[in-house]
Amino acid sequence: MIHAYKIHGENIVLDIYSGSVHLLDDIAYDVLGCYDSDGTLNPSKLKELAKYDETQINEAIAEIEYLIDNKMLFTEDPFTEMLPAWTKETVVKALCLHIAHDCNLRCSYCFAGTGEYMGHRSLMSLEVGKKAIDFLIENSGNRRNLEIDFFGGEPLMNFDVVKGIVEYARKREKESGKNFRFTITTNAMLLDEEKRAYINENMHNVVLSLDGRKEVNDAVRKRVDGTGSYDRILPSIKKMVEERAGKDYYVRGTFTRKNLDFGADVLHLADLGFDQISVEPVVAAKDSGFDIRNEDLKAVCDEYERLAKEYVNRRKNGQWFNFFHFMIDLEGGPCIAKRLRGCGSGTEYLAVTPEGELYPCHQFVGHKEFLLGNVYEGFNGNPIRESFRETNVYTKPQCNSCWAKFYCSGGCAANAWQFNKDIKIPYEIGCELEKKRVECALWIKAQESK
Amino acid sequence: MKHIRTINKSTLNQEIRKAGCGECQTSCQSACKTSCTVANQKCERK
């Protein structure tokens with residue numbers, strides 16, 4: 001299987017099963033179009049290329065055949081025999097701890113309501129947090145690297161418990177031989193000097209929420225009194241990033257159908273001096289007014305292409321920044337086994353509510369049919385967990401036939417369920433946007449390799 | 001080659017029998033997590 005496409009006047013070909021990426025001139029691209037999907041040249045199609053010189057056509061054929069012979073084009077699937085080993089029972093290696101089901105912002109598009117996730121406002125106790133650490137250690141088998149993400153609502157509203165959990169985990173990692181990595185996702189409203197210092201000392205990564213331009217941010221990320229949050233949070237985020245001193249962080253925004261020109265928000269964040277930026281499409285209910293719709297796809301895809309061009313331009317000219325959704329690691333990226341099912345929600349990755357309930361991920365919290373157990377008693381035998389274990393890019397028909405399957409790894413199960421009520425049917429708009437981002441990322445690689 | 005420039009050679013199908021140690025980062029793909037998509041992740045062994 002290959003994917004051949006044109007972007008910004010260049011012809012790019014991705015060979016799906018080898019991961020090879022090639023840049024073709026127009027002759028080679030048109031000649032490649034004369035090959036059938038099984039990698040054989042179709043002479044009847046070749047007759048349509050009368051505009052090219054025969055010598056050039058033969059040169060292009062020779063080069064294409066060389067790549068085929070060297071398993072860099074039309075490579076057959078070498079992975080199917082390994083699938084049983086890669087999809088066997090997995091252990092838990094990451095927990096998303098819902099430290100607070102409460103929030104001090106009232107963001108209009110939030111999938112968690114106003115922080116309470118369709119339940120009541122509540123804070124995680126230190127006891128539940130410690131039990132979550134015990135549960136993770138006990139269910140992680142031989143895995144050494146374990147992850148804890150402090151999430152909400154707004155986790156800084158319950159920061160003493162965050163600190164208590166970190167202290168407990170550090171104590172237990174020594175005796176259990178594990179290595180914990182902590183991350184925290186915050187709206188920055190409560191970031192003061194003490195919290196910044198603690199986060200810098202203890203958190204592997206920090207995700208700081210800001211949507212971009214003031215008018216875009218303030219239209220949706222509102223304070224409890226209805227005023228915008230931009231002016232309050234920007235100085236705190238700037239200080240946090242300055243003090244991060246090279247440690248990982250992301251300034252992270254959301255775009256909705258109300259700012260389809262989100263590239264301007266990415267560039268605004270870069271103009272503010274942030275060099276680790278993530279701005280991603282909203283997860284919002286269909287027809288909520290925020291959700292990206294089919295009729296928006298062209299505008300969003302065009303915006304990604306425009307942003308890619310400016311991204312390359314800035315990075316070349318002393319204004320380097322990293323846009324999370326254009327990152328692609330062609331050389332040292334994840335192994336193929338990892339690429340089969342991505343995030344591992346429901347299996348390797350679970351969310352824990354303030355009461356200690358387990359869900360497949362933060363986006364399933366509150367949907368009782370997805371309740372998988374609790375940190376005190378462990379898994380409850382809910383058969384839905386088996387569905388998560390069985391789900392990978394080979395068991396989802398739409399993914400199996402998709403060229404981008406080893407780059408998105410099947411997309412988000414929560415999106416699939418939200419839009420199709422089936423975790424095995426991917427959310428089509430999400431797929432289209434992911435494919436465009438991969439196309440842009442490969443084009444960026446091509447530009448930066450010149 | 002004159003008509004084709006290879007940007008990345010075969011990488012996915014190398015060392016497939018060593019794949020799947022599982023020590024890598026988990027990778028949420030949406031909604032506030034931003035921990036990772038997949039293709040941008042690092043292998044813990046490399």
# chains A, B, ... in the order shown; residues from 1 in each chain; ligands from 1

$ select_by_dssp --residues "stretch 135-175 of chain A" --states "strand (DSSP E)" --output "CSV table (one decimal) with all heavy atoms, in the first residue's frame"
chain,number,residue,atom,x,y,z
A,145,ASN,N,8.7,1.9,33.6
A,145,ASN,CA,8.3,3.3,33.5
A,145,ASN,C,6.8,3.4,33.6
A,145,ASN,O,6.0,2.9,32.8
A,145,ASN,CB,8.8,3.8,32.1
A,145,ASN,CG,10.3,3.9,32.0
A,145,ASN,OD1,10.9,4.3,33.0
A,145,ASN,ND2,10.8,3.5,30.9
A,146,LEU,N,6.4,4.1,34.6
A,146,LEU,CA,4.9,4.3,34.8
A,146,LEU,C,4.6,5.8,34.8
A,146,LEU,O,5.5,6.6,35.2
A,146,LEU,CB,4.5,3.7,36.2
A,146,LEU,CG,4.9,2.3,36.4
A,146,LEU,CD1,4.5,1.8,37.8
A,146,LEU,CD2,4.1,1.4,35.4
A,147,GLU,N,3.4,6.2,34.4
A,147,GLU,CA,3.1,7.6,34.2
A,147,GLU,C,1.8,7.9,35.1
A,147,GLU,O,0.9,7.1,35.1
A,147,GLU,CB,2.7,7.9,32.8
A,147,GLU,CG,3.9,7.8,31.8
A,147,GLU,CD,3.5,7.7,30.4
A,147,GLU,OE1,2.7,8.5,30.0
A,147,GLU,OE2,3.9,6.7,29.7
A,148,ILE,N,1.9,9.1,35.7
A,148,ILE,CA,0.8,9.6,36.4
A,148,ILE,C,0.5,11.0,35.8
A,148,ILE,O,1.4,11.9,35.8
A,148,ILE,CB,1.1,9.8,37.9
A,148,ILE,CG1,1.3,8.4,38.5
A,148,ILE,CG2,0.0,10.5,38.6
A,148,ILE,CD1,0.0,7.6,38.7
A,149,ASP,N,-0.7,11.2,35.4
A,149,ASP,CA,-1.1,12.6,34.9
A,149,ASP,C,-2.1,13.2,35.8
A,149,ASP,O,-3.1,12.6,36.1
A,149,ASP,CB,-1.7,12.5,33.5
A,149,ASP,CG,-1.8,13.9,32.9
A,149,ASP,OD1,-1.2,14.8,33.4
A,149,ASP,OD2,-2.6,14.1,32.0
A,150,PHE,N,-1.7,14.3,36.4
A,150,PHE,CA,-2.7,15.0,37.3
A,150,PHE,C,-3.6,15.9,36.5
A,150,PHE,O,-3.1,16.8,35.8
A,150,PHE,CB,-1.9,15.8,38.3
A,150,PHE,CG,-1.1,15.0,39.3
A,150,PHE,CD1,0.3,15.0,39.1
A,150,PHE,CD2,-1.6,14.2,40.2
A,150,PHE,CE1,1.1,14.2,40.0
A,150,PHE,CE2,-0.9,13.4,41.1
A,150,PHE,CZ,0.5,13.4,41.0
A,151,PHE,N,-4.9,15.6,36.5
A,151,PHE,CA,-5.8,16.2,35.6
A,151,PHE,C,-7.1,16.6,36.4
A,151,PHE,O,-7.2,16.4,37.6
A,151,PHE,CB,-6.2,15.0,34.6
A,151,PHE,CG,-6.8,15.5,33.3
A,151,PHE,CD1,-6.0,16.2,32.4
A,151,PHE,CD2,-8.0,15.1,32.9
A,151,PHE,CE1,-6.5,16.7,31.2
A,151,PHE,CE2,-8.6,15.5,31.7
A,151,PHE,CZ,-7.8,16.3,30.9

$ interface_residues --of "chain A" --to "chain B" --cutoff "7 Å" --atoms "only C-alpha atoms" --output "count of residues only"
42

$ closest_residue --among "A:Asp69, A:Ile292, A:Leu358, A:Phe326" --to "A:Lys309" --atoms "only C-alpha atoms"
A:Phe326

$ atom_distance --atom1 "atom CA of A:Ile423" --atom2 "atom CA of A:Phe379"
19.8 Å

$ select_by_dssp --residues "stretch 335-416 of chain A" --states "helix (DSSP H, G or I)" --output "count of residues only"
29
